[in-house]
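> Here you go, entry01.txt (compact mmCIF, C-alpha atoms and all ligand atoms):
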# COMPACT_ATOMS: atom_id res chain seq x y z
CA MET Q 13 -18.79 89.19 65.45
CA SER Q 14 -18.75 92.07 67.96
CA ASP Q 15 -20.11 95.48 66.92
CA ILE Q 16 -16.69 97.06 67.23
CA LEU Q 17 -15.19 94.55 64.80
CA LYS Q 18 -18.22 94.72 62.47
CA ASN Q 19 -17.58 98.45 61.94
CA HIS Q 20 -14.16 97.85 60.46
CA ILE Q 21 -13.77 98.83 56.80
CA ILE Q 22 -11.04 96.89 55.05
CA ALA Q 23 -8.75 97.88 52.18
CA VAL Q 24 -6.41 95.28 50.69
CA ILE Q 25 -3.52 96.43 48.50
CA GLY Q 26 -2.66 93.87 45.82
CA ALA Q 27 -4.99 91.41 44.11
CA GLY Q 28 -2.42 88.64 43.56
CA THR Q 29 -2.20 85.22 45.24
CA MET Q 30 -2.39 86.61 48.76
CA GLY Q 31 -4.40 89.81 48.19
CA ASN Q 32 -7.36 88.01 46.63
CA GLY Q 33 -7.27 85.36 49.37
CA ILE Q 34 -7.28 88.01 52.12
CA THR Q 35 -10.12 89.87 50.37
CA HIS Q 36 -12.05 86.60 50.08
CA VAL Q 37 -11.90 85.75 53.81
CA PHE Q 38 -12.72 89.25 55.07
CA ALA Q 39 -15.73 89.48 52.72
CA GLN Q 40 -16.88 85.95 53.58
CA TYR Q 41 -16.91 86.84 57.28
CA GLY Q 42 -19.04 89.96 56.78
CA TYR Q 43 -16.63 92.85 56.20
CA GLN Q 44 -16.83 95.44 53.43
CA VAL Q 45 -13.55 95.16 51.47
CA THR Q 46 -11.96 97.19 48.71
CA MET Q 47 -9.30 95.25 46.78
CA ILE Q 48 -6.82 97.65 45.17
CA ASP Q 49 -4.21 96.93 42.51
CA ILE Q 50 -2.29 99.03 40.00
CA SER Q 51 -3.22 96.50 37.34
CA PRO Q 52 -6.86 96.20 36.16
CA ASP Q 53 -5.99 92.73 34.81
CA ALA Q 54 -4.77 91.63 38.24
CA LEU Q 55 -8.05 92.87 39.74
CA SER Q 56 -10.17 90.89 37.30
CA ARG Q 57 -7.99 87.78 37.74
CA GLY Q 58 -8.20 88.21 41.53
CA LEU Q 59 -11.98 88.52 41.45
CA SER Q 60 -12.34 85.49 39.21
CA THR Q 61 -10.12 83.44 41.57
CA ILE Q 62 -12.32 84.48 44.50
CA THR Q 63 -15.45 83.51 42.54
CA LYS Q 64 -13.94 80.12 41.60
CA ASN Q 65 -12.92 79.42 45.20
CA LEU Q 66 -16.39 80.39 46.46
CA ASP Q 67 -17.98 78.12 43.83
CA ARG Q 68 -15.83 75.26 45.11
CA MET Q 69 -16.99 75.99 48.68
CA VAL Q 70 -20.63 75.94 47.54
CA ALA Q 71 -20.06 72.61 45.74
CA LYS Q 72 -18.54 71.17 48.93
CA GLU Q 73 -21.49 72.60 50.93
CA LYS Q 74 -19.19 74.69 53.13
CA ILE Q 75 -21.23 77.80 52.25
CA THR Q 76 -24.57 78.35 50.53
CA ALA Q 77 -25.08 79.95 47.11
CA LEU Q 78 -26.64 82.92 48.92
CA GLU Q 79 -23.54 83.30 51.11
CA LYS Q 80 -21.40 83.26 47.97
CA ASP Q 81 -23.47 86.10 46.45
CA GLN Q 82 -23.38 88.07 49.71
CA THR Q 83 -19.60 87.63 49.91
CA LEU Q 84 -19.09 88.92 46.37
CA ALA Q 85 -21.44 91.85 47.02
CA ARG Q 86 -19.16 93.02 49.86
CA ILE Q 87 -16.14 93.35 47.52
CA ARG Q 88 -15.29 96.47 45.55
CA THR Q 89 -12.23 96.76 43.33
CA SER Q 90 -10.19 99.83 42.52
CA THR Q 91 -7.00 101.03 40.85
CA GLU Q 92 -7.10 104.32 42.80
CA ILE Q 93 -5.21 103.81 46.02
CA GLN Q 94 -5.59 107.36 47.38
CA ALA Q 95 -9.38 107.53 47.03
CA SER Q 96 -9.93 103.94 48.13
CA VAL Q 97 -8.14 103.96 51.48
CA GLN Q 98 -9.64 107.15 52.90
CA ASP Q 99 -12.50 105.40 54.74
CA ALA Q 100 -10.56 102.28 55.70
CA THR Q 101 -10.04 101.48 59.39
CA ILE Q 102 -7.40 98.91 58.48
CA VAL Q 103 -5.32 98.53 55.33
CA ILE Q 104 -3.63 95.20 54.63
CA GLU Q 105 -0.84 95.54 52.11
CA ALA Q 106 -0.18 92.42 50.00
CA ALA Q 107 1.68 93.93 47.04
CA THR Q 108 4.80 92.46 45.44
CA GLU Q 109 7.61 91.58 47.90
CA ASN Q 110 9.99 94.48 47.25
CA VAL Q 111 11.34 96.76 49.99
CA ASP Q 112 11.36 99.98 47.97
CA LEU Q 113 7.82 99.36 46.72
CA LYS Q 114 6.52 98.68 50.23
CA LEU Q 115 8.22 101.79 51.67
CA LYS Q 116 6.65 103.89 48.91
CA ILE Q 117 3.20 102.36 49.50
CA PHE Q 118 3.40 102.97 53.28
CA LYS Q 119 4.53 106.59 52.81
CA GLY Q 120 1.42 107.06 50.66
CA LEU Q 121 -0.86 105.26 53.12
CA ASN Q 122 0.42 107.41 55.96
CA GLU Q 123 -0.59 110.46 53.97
CA PHE Q 124 -3.94 109.23 52.59
CA CYS Q 125 -5.41 107.30 55.55
CA LYS Q 126 -7.10 108.66 58.68
CA PRO Q 127 -4.62 109.10 61.56
CA ASP Q 128 -6.03 106.13 63.51
CA THR Q 129 -6.15 103.68 60.58
CA ILE Q 130 -4.13 100.52 61.24
CA LEU Q 131 -1.54 99.85 58.54
CA ALA Q 132 -0.79 96.12 58.25
CA THR Q 133 1.52 94.29 55.87
CA ASN Q 134 1.43 90.68 54.71
CA THR Q 135 5.18 90.71 53.95
CA SER Q 136 6.95 87.34 54.29
CA SER Q 137 10.30 88.77 55.25
CA ILE Q 138 10.66 92.56 55.21
CA SER Q 139 11.18 94.25 58.59
CA ILE Q 140 7.94 95.66 60.02
CA THR Q 141 10.01 98.18 62.00
CA LYS Q 142 11.66 99.44 58.80
CA ILE Q 143 8.28 99.83 57.09
CA ALA Q 144 6.83 101.55 60.18
CA ALA Q 145 9.71 104.03 60.23
CA VAL Q 146 8.56 105.72 57.00
CA THR Q 147 5.23 106.60 58.65
CA ASP Q 148 4.52 108.98 61.52
CA ARG Q 149 2.41 106.30 63.24
CA PRO Q 150 4.84 103.39 63.88
CA ASP Q 151 2.64 102.30 66.82
CA ARG Q 152 -0.16 101.54 64.31
CA VAL Q 153 1.94 99.49 61.86
CA ILE Q 154 1.93 95.70 62.22
CA GLY Q 155 2.63 92.48 60.32
CA MET Q 156 -0.41 90.37 59.48
CA HIS Q 157 1.17 87.36 57.76
CA PHE Q 158 -1.49 85.12 56.26
CA MET Q 159 -0.49 81.73 54.88
CA ASN Q 160 -1.14 80.45 51.35
CA PRO Q 161 -3.87 79.46 50.44
CA VAL Q 162 -5.51 82.06 52.67
CA PRO Q 163 -9.08 80.65 52.69
CA VAL Q 164 -7.73 77.28 53.88
CA MET Q 165 -4.83 77.94 56.25
CA LYS Q 166 -5.64 78.65 59.90
CA LEU Q 167 -2.53 80.55 60.98
CA VAL Q 168 -2.05 84.31 60.92
CA GLU Q 169 1.44 85.22 62.16
CA ILE Q 170 1.04 88.61 63.82
CA ILE Q 171 4.34 90.49 63.86
CA ARG Q 172 4.85 93.31 66.33
CA GLY Q 173 7.28 95.94 65.09
CA TYR Q 174 9.55 97.71 67.58
CA SER Q 175 6.89 100.35 68.30
CA THR Q 176 3.61 98.48 67.60
CA SER Q 177 1.10 99.20 70.39
CA ASP Q 178 -0.72 96.59 72.49
CA ASP Q 179 -4.00 98.12 71.39
CA VAL Q 180 -3.25 97.58 67.68
CA THR Q 181 -1.94 94.05 68.35
CA ASN Q 182 -5.14 93.16 70.22
CA THR Q 183 -7.37 94.58 67.47
CA VAL Q 184 -5.53 92.66 64.75
CA MET Q 185 -5.69 89.45 66.80
CA ALA Q 186 -9.44 89.90 67.33
CA LEU Q 187 -9.93 90.60 63.62
CA SER Q 188 -8.02 87.40 62.74
CA GLN Q 189 -10.16 85.37 65.16
CA SER Q 190 -13.31 86.82 63.61
CA LEU Q 191 -12.15 85.22 60.32
CA ASP Q 192 -11.97 81.83 62.07
CA LYS Q 193 -8.17 82.03 61.98
CA ILE Q 194 -5.70 81.43 64.79
CA PRO Q 195 -3.35 84.37 65.36
CA VAL Q 196 0.10 83.79 66.84
CA THR Q 197 2.04 86.87 67.95
CA VAL Q 198 5.79 87.12 67.40
CA ASN Q 199 8.43 89.85 67.46
CA ASP Q 200 10.02 91.50 64.46
CA TYR Q 201 13.30 89.74 63.64
CA PRO Q 202 14.41 88.48 60.20
CA GLY Q 203 12.11 85.72 58.92
CA PHE Q 204 9.81 86.22 61.94
CA VAL Q 205 9.11 82.63 63.14
CA ALA Q 206 7.44 80.90 60.17
CA ASN Q 207 10.15 81.58 57.61
CA ARG Q 208 13.05 81.55 60.07
CA ILE Q 209 12.34 77.87 60.64
CA LEU Q 210 10.78 76.82 57.32
CA ILE Q 211 13.31 78.36 54.91
CA PRO Q 212 16.48 76.94 56.54
CA MET Q 213 14.76 73.52 56.54
CA ILE Q 214 14.09 73.82 52.79
CA ASN Q 215 17.66 75.06 52.19
CA GLU Q 216 19.01 72.06 54.17
CA ALA Q 217 16.92 69.70 52.02
CA ILE Q 218 18.46 71.29 48.90
CA ILE Q 219 21.96 70.92 50.41
CA ALA Q 220 21.23 67.21 51.10
CA LEU Q 221 20.20 66.77 47.44
CA TRP Q 222 23.26 68.72 46.20
CA GLU Q 223 25.62 66.61 48.31
CA GLY Q 224 24.05 63.42 46.95
CA VAL Q 225 22.71 62.23 50.30
CA ALA Q 226 19.46 61.21 48.59
CA GLY Q 227 17.30 61.96 45.55
CA VAL Q 228 14.38 64.40 45.26
CA GLU Q 229 11.64 61.86 45.96
CA GLU Q 230 13.60 60.18 48.77
CA ILE Q 231 14.14 63.49 50.60
CA ASP Q 232 10.49 64.47 50.22
CA ASN Q 233 9.28 61.02 51.26
CA VAL Q 234 11.39 61.03 54.43
CA MET Q 235 9.81 64.30 55.53
CA LYS Q 236 6.27 63.35 54.43
CA LEU Q 237 6.20 59.85 55.87
CA GLY Q 238 8.55 60.32 58.78
CA MET Q 239 7.59 63.78 60.00
CA ALA Q 240 3.95 63.85 58.83
CA HIS Q 241 4.59 66.91 56.62
CA PRO Q 242 1.76 67.14 54.06
CA MET Q 243 4.31 68.09 51.36
CA GLY Q 244 8.04 67.36 51.19
CA PRO Q 245 10.44 70.37 51.46
CA LEU Q 246 11.51 70.23 47.78
CA GLN Q 247 7.94 70.14 46.50
CA LEU Q 248 7.09 72.94 48.94
CA ALA Q 249 10.03 74.97 47.58
CA ASP Q 250 8.61 74.56 44.05
CA PHE Q 251 5.19 75.66 45.33
CA ILE Q 252 6.54 78.78 47.12
CA GLY Q 253 8.82 79.66 44.16
CA LEU Q 254 12.58 79.13 44.29
CA ASP Q 255 13.22 82.85 43.73
CA VAL Q 256 11.13 83.61 46.83
CA VAL Q 257 12.95 80.93 48.84
CA LEU Q 258 16.30 82.44 47.77
CA ALA Q 259 15.18 86.00 48.58
CA ILE Q 260 14.10 84.99 52.10
CA THR Q 261 17.36 83.06 52.62
CA ARG Q 262 19.22 86.27 51.76
CA VAL Q 263 17.14 88.20 54.31
CA LEU Q 264 18.14 85.67 57.00
CA GLN Q 265 21.79 85.74 55.88
CA ASP Q 266 21.93 89.55 55.88
CA GLY Q 267 19.92 89.89 59.08
CA TYR Q 268 21.87 87.41 61.24
CA GLY Q 269 25.23 87.36 59.44
CA GLN Q 270 25.75 83.67 60.21
CA PRO Q 271 27.13 81.13 57.68
CA LYS Q 272 24.34 78.67 58.56
CA TYR Q 273 21.91 80.83 56.59
CA ALA Q 274 23.98 80.84 53.34
CA PRO Q 275 21.85 79.64 50.40
CA CYS Q 276 22.81 76.33 48.81
CA PRO Q 277 24.71 77.00 45.52
CA LEU Q 278 22.26 74.64 43.78
CA LEU Q 279 19.36 76.91 44.80
CA VAL Q 280 21.22 79.95 43.44
CA ASN Q 281 21.97 78.13 40.16
CA MET Q 282 18.38 77.01 39.69
CA VAL Q 283 17.09 80.57 40.17
CA GLN Q 284 19.71 81.87 37.71
CA ALA Q 285 18.56 79.22 35.21
CA GLY Q 286 14.94 80.38 35.58
CA LYS Q 287 13.88 77.07 37.16
CA LEU Q 288 11.56 78.63 39.73
CA GLY Q 289 9.19 75.73 40.46
CA VAL Q 290 5.47 75.59 39.70
CA LYS Q 291 5.28 79.12 38.27
CA SER Q 292 7.97 78.48 35.62
CA GLY Q 293 6.89 74.87 34.94
CA GLU Q 294 10.04 73.31 36.39
CA GLY Q 295 11.96 73.17 39.66
CA PHE Q 296 12.77 69.95 41.50
CA TYR Q 297 9.74 68.51 39.69
CA ILE Q 298 8.18 69.31 36.29
CA TYR Q 299 4.66 70.67 36.04
CA ASN Q 300 3.78 70.72 32.35
CA THR Q 301 3.22 66.99 31.89
CA GLY Q 302 -0.56 67.05 32.32
CA ASP Q 303 0.11 64.12 34.68
CA LYS Q 304 -1.43 64.18 38.17
CA GLN Q 305 1.53 62.22 39.48
CA LEU Q 306 4.55 64.33 40.51
CA VAL Q 307 7.40 63.91 37.99
CA VAL Q 308 10.99 64.61 39.06
CA SER Q 309 12.86 67.06 36.81
CA PRO Q 310 15.25 65.30 34.34
CA ASN Q 311 18.11 67.20 36.04
CA PHE Q 312 17.67 65.09 39.16
CA ARG Q 313 16.94 61.66 37.69
P1 LIG Q 401 1.64 88.44 43.66
O1 LIG Q 401 2.78 88.72 42.74
O2 LIG Q 401 0.76 87.27 43.38
O3 LIG Q 401 0.71 89.74 43.75
C1 LIG Q 401 1.21 91.02 43.98
C2 LIG Q 401 0.23 92.03 43.40
O4 LIG Q 401 0.64 93.33 43.84
C3 LIG Q 401 0.17 92.06 41.88
O5 LIG Q 401 -1.15 91.86 41.43
C4 LIG Q 401 0.67 93.47 41.54
O6 LIG Q 401 0.02 94.02 40.38
C5 LIG Q 401 0.31 94.23 42.79
N1 LIG Q 401 1.02 95.48 42.97
C6 LIG Q 401 2.32 95.77 42.69
N2 LIG Q 401 2.58 97.05 43.00
C7 LIG Q 401 1.44 97.59 43.50
C8 LIG Q 401 1.07 98.89 43.98
N3 LIG Q 401 1.95 99.89 44.02
N4 LIG Q 401 -0.20 99.06 44.38
C9 LIG Q 401 -1.11 98.08 44.34
N5 LIG Q 401 -0.81 96.83 43.88
C10 LIG Q 401 0.44 96.60 43.48
O7 LIG Q 401 2.30 88.33 45.13
P2 LIG Q 401 1.77 87.47 46.37
O8 LIG Q 401 2.34 86.10 46.31
O9 LIG Q 401 0.31 87.69 46.52
O10 LIG Q 401 2.54 88.21 47.56
C11 LIG Q 401 2.08 89.41 48.11
C12 LIG Q 401 2.73 89.62 49.47
O11 LIG Q 401 2.38 88.53 50.32
C13 LIG Q 401 4.25 89.67 49.44
O12 LIG Q 401 4.69 90.59 50.39
C14 LIG Q 401 4.65 88.25 49.83
O13 LIG Q 401 5.91 88.18 50.44
C15 LIG Q 401 3.57 87.92 50.83
N6 LIG Q 401 3.30 86.48 51.04
C16 LIG Q 401 3.23 85.63 49.98
C17 LIG Q 401 2.93 84.29 50.19
C18 LIG Q 401 2.81 83.31 49.05
O14 LIG Q 401 2.81 82.09 49.29
N7 LIG Q 401 2.68 83.77 47.82
C19 LIG Q 401 2.68 83.81 51.50
C20 LIG Q 401 2.73 84.73 52.57
C21 LIG Q 401 3.03 86.06 52.31
Translate this file's structure into structure tokens.
Ligand code: NAD


Amino acid sequence: MSDILKNHIIAVIGAGTMGNGITHVFAQYGYQVTMIDISPDALSRGLSTITKNLDRMVAKEKITALEKDQTLARIRTSTEIQASVQDATIVIEAATENVDLKLKIFKGLNEFCKPDTILATNTSSISITKIAAVTDRPDRVIGMHFMNPVPVMKLVEIIRGYSTSDDVTNTVMALSQSLDKIPVTVNDYPGFVANRILIPMINEAIIALWEGVAGVEEIDNVMKLGMAHPMGPLQLADFIGLDVVLAITRVLQDGYGQPKYAPCPLLVNMVQAGKLGVKSGEGFYIYNTGDKQLVVSPNFR
């Protein structure tokens, strides 16, 4: 890692699924990281997930036990956002996907951070330009969209807001490469690239199911076996969370105003029924069987 990169001090906001993964990779590649969350429970859960994932890497001989200890020693946790971001050279926000919350967090960051600190967000779908507009440094605000699970997935989708500078884009790309990730730069339009293509594909799979073209397993098998997707679109929807899939579909629908982005009524119904996929125990499949084999939900048999 170059000296310039090595001097970066990282703050990650949010210790959930993505926040703890982002903290893990930065710490593993030598950076000092503070992981910040409003919830002390979320911080301890996040830290225990990182420890578990590092243990798994040691068992698979991807890292040594010493590297695990060194990684953990680089992580601090905090519930005090103001005090914890003052030294940071880059803040990566990975808090709950909610526009009002993100705007509030970025207003605070703009006030608490040094003027040259880069403010990045891991949002899946909220406009980077909108977030940047609540700060007085829109040139230093950027999307840094890691994929789940962060320690495993290679891609970082780097999203340039309307005013993001070349300098900030280059720094964030170099930081991503220093984590052994592959950054891909895109412009700020609804869904960016990843979700603009992925989410309509998932929605189309749900429409095919709803219309009776094929069953859950048949649709997933066509895409797994025919298109070499590691997971079928319906299983992937369960993994992402159907509420999240619906929320991103709405962003595309609102942002482009085209009927092709309308969510399938079956998706809307399932979210209303609380069938959110893995996190609620049931979506297109059921997850509380203790069975390793995927079991299709009784609603679709
Ligand atoms: P999560 O619900 O697992 O975690 C969010 C965390 O943010 C929680 O621990 C919560 O306590 C914390 N939080 C809420 N308000 C806060 C505040 N004011 N300050 C500090 N912490 C706060 O969510 P997640 O799945 O990790 O998603 C985080 C972000 O990453 C979202 O913007 C989401 O769209 C994006 N994202 C998620 C995925 C995914 O697969 N889960 C993939 C890519 C991007």

> Any chance you could tabulate, as CSV, the residues of chain Q at most 8 Å from ligand LIG 401 (chain Q) with each one's nearest atom pair and distance in Å to one decimal, using only C-alpha atoms and all ligand atoms, in chain and rising number order?


residue,atom,partner,partner_atom,distance
Q:Ile25,CA,Q:LIG401,C9,5.1
Q:Gly26,CA,Q:LIG401,O4,3.9
Q:Ala27,CA,Q:LIG401,O5,4.7
Q:Gly28,CA,Q:LIG401,O3,3.3
Q:Thr29,CA,Q:LIG401,O9,3.7
Q:Met30,CA,Q:LIG401,O9,3.7
Q:Gly31,CA,Q:LIG401,O9,5.4
Q:Asn32,CA,Q:LIG401,O9,7.7
Q:Ile48,CA,Q:LIG401,C9,5.8
Q:Asp49,CA,Q:LIG401,N5,3.7
Q:Ile50,CA,Q:LIG401,C9,4.6
Q:Ser51,CA,Q:LIG401,O6,5.1
Q:Ala54,CA,Q:LIG401,O5,4.8
Q:Leu55,CA,Q:LIG401,O5,7.2
Q:Gly58,CA,Q:LIG401,O5,7.9
Q:Thr91,CA,Q:LIG401,C9,7.5
Q:Ile93,CA,Q:LIG401,N4,7.1
Q:Glu105,CA,Q:LIG401,C12,7.4
Q:Ala106,CA,Q:LIG401,C12,4.1
Q:Ala107,CA,Q:LIG401,O4,3.4
Q:Thr108,CA,Q:LIG401,C1,4.1
Q:Glu109,CA,Q:LIG401,O12,4.0
Q:Asn110,CA,Q:LIG401,O12,7.3
Q:Leu113,CA,Q:LIG401,N3,6.5
Q:Lys114,CA,Q:LIG401,N3,7.8
Q:Lys116,CA,Q:LIG401,N3,7.9
Q:Ile117,CA,Q:LIG401,N3,6.1
Q:Thr133,CA,Q:LIG401,O12,7.3
Q:Asn134,CA,Q:LIG401,O11,5.0
Q:Thr135,CA,Q:LIG401,O12,3.6
Q:Ser136,CA,Q:LIG401,O13,4.1
Q:Ser137,CA,Q:LIG401,O13,6.5
Q:Ile138,CA,Q:LIG401,O12,7.9
Q:His157,CA,Q:LIG401,C21,5.9
Q:Phe158,CA,Q:LIG401,C20,5.6
Q:Met159,CA,Q:LIG401,C20,5.0
Q:Asn160,CA,Q:LIG401,O14,4.7
Q:Pro161,CA,Q:LIG401,O14,7.3
Q:Phe251,CA,Q:LIG401,O14,7.9
Q:Ile252,CA,Q:LIG401,O14,5.4
Q:Val256,CA,Q:LIG401,O13,7.8

> What's the separation between CA of Val162 (chain Q) and CA of Phe124 (chain Q), in Å to one decimal place?

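Separation between CA of Val162 (chain Q) and CA of Phe124 (chain Q): 27.2 Å.
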
> Tell me, in Å to one decimal, how far CA of Lys287 (chain Q) is from CA of Ile219 (chain Q).

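CA of Ile219 (chain Q) lies 16.7 Å from CA of Lys287 (chain Q).
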
> Which is closer to Lys18 (chain Q) than all the others in Q:Ala186, Q:Cys276, Q:Val257, Q:Ile140, using all atoms listed in the file?

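Going through Q:Ala186, Q:Cys276, Q:Val257, Q:Ile140 one by one, the smallest distance to Lys18 (chain Q) is for Q:Ala186.
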
> Residues around (-9.6, 99.0, 52.7), cut-off 9 Å, counting all atoms listed in the file - what are they as a PyMOL selection string?

chain Q and resi 21-25+44-48+96-104

> CA of Ile194 (chain Q) and CA of Lys166 (chain Q) are how many Å apart?

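Those two atoms sit 5.6 Å apart.
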
> Please provide as an NGL selection string all residues within 12 Å of Thr176 (chain Q), with the sequence filter that same-chain residues fewer than 6 positions apart are discarded (counting only C-alpha atoms).

:Q and (130-132 or 140-145 or 149-155 or 170 or 182-184 or 197-200)

> Fewer than 5 positions away in the same chain doesn't count, so skip those; otherwise give me all residues within 10 Å of Leu66 (chain Q), counting only C-alpha atoms, as a ChimeraX atom specification.

/Q:36,40,60-61,71-72,74-77,79-81,83-84,163

> Rebuild region 277-285 of chain Q so that it carries all heavy atoms, then output the result as a tab-separated table (two decimals), in the frame of the given file.


chain	number	residue	atom	x	y	z
Q	277	PRO	N	24.37	76.58	46.90
Q	277	PRO	CA	24.71	77.00	45.52
Q	277	PRO	C	23.77	76.41	44.47
Q	277	PRO	O	23.52	77.03	43.44
Q	277	PRO	CB	26.14	76.47	45.34
Q	277	PRO	CG	26.69	76.38	46.73
Q	277	PRO	CD	25.53	76.02	47.62
Q	278	LEU	N	23.21	75.22	44.74
Q	278	LEU	CA	22.26	74.64	43.78
Q	278	LEU	C	21.00	75.51	43.67
Q	278	LEU	O	20.48	75.73	42.58
Q	278	LEU	CB	21.89	73.21	44.21
Q	278	LEU	CG	20.77	72.53	43.41
Q	278	LEU	CD1	21.12	72.40	41.93
Q	278	LEU	CD2	20.46	71.14	44.00
Q	279	LEU	N	20.53	76.02	44.80
Q	279	LEU	CA	19.36	76.91	44.80
Q	279	LEU	C	19.65	78.16	43.97
Q	279	LEU	O	18.84	78.57	43.13
Q	279	LEU	CB	18.97	77.27	46.25
Q	279	LEU	CG	17.90	78.36	46.43
Q	279	LEU	CD1	16.55	77.90	45.87
Q	279	LEU	CD2	17.74	78.72	47.92
Q	280	VAL	N	20.84	78.74	44.18
Q	280	VAL	CA	21.22	79.95	43.44
Q	280	VAL	C	21.27	79.65	41.94
Q	280	VAL	O	20.72	80.41	41.12
Q	280	VAL	CB	22.60	80.47	43.94
Q	280	VAL	CG1	23.05	81.68	43.12
Q	280	VAL	CG2	22.55	80.80	45.42
Q	281	ASN	N	21.87	78.51	41.58
Q	281	ASN	CA	21.97	78.13	40.16
Q	281	ASN	C	20.59	77.95	39.53
Q	281	ASN	O	20.37	78.37	38.40
Q	281	ASN	CB	22.72	76.81	40.03
Q	281	ASN	CG	24.15	77.04	39.61
Q	281	ASN	OD1	24.55	78.18	39.38
Q	281	ASN	ND2	24.93	75.96	39.50
Q	282	MET	N	19.71	77.28	40.26
Q	282	MET	CA	18.38	77.01	39.69
Q	282	MET	C	17.63	78.33	39.44
Q	282	MET	O	16.97	78.49	38.41
Q	282	MET	CB	17.58	76.09	40.61
Q	282	MET	CG	18.11	74.66	40.59
Q	282	MET	SD	17.27	73.58	41.75
Q	282	MET	CE	15.70	73.32	40.93
Q	283	VAL	N	17.77	79.27	40.36
Q	283	VAL	CA	17.09	80.57	40.17
Q	283	VAL	C	17.70	81.28	38.96
Q	283	VAL	O	16.99	81.83	38.11
Q	283	VAL	CB	17.17	81.43	41.46
Q	283	VAL	CG1	16.64	82.83	41.21
Q	283	VAL	CG2	16.39	80.76	42.59
Q	284	GLN	N	19.05	81.22	38.86
Q	284	GLN	CA	19.71	81.87	37.71
Q	284	GLN	C	19.28	81.23	36.39
Q	284	GLN	O	19.20	81.90	35.36
Q	284	GLN	CB	21.24	81.79	37.86
Q	284	GLN	CG	21.76	82.91	38.75
Q	284	GLN	CD	23.20	82.70	39.20
Q	284	GLN	OE1	23.75	81.62	39.05
Q	284	GLN	NE2	23.78	83.73	39.77
Q	285	ALA	N	18.98	79.94	36.43
Q	285	ALA	CA	18.56	79.22	35.21
Q	285	ALA	C	17.07	79.41	34.92
Q	285	ALA	O	16.55	78.88	33.94
Q	285	ALA	CB	18.89	77.74	35.35
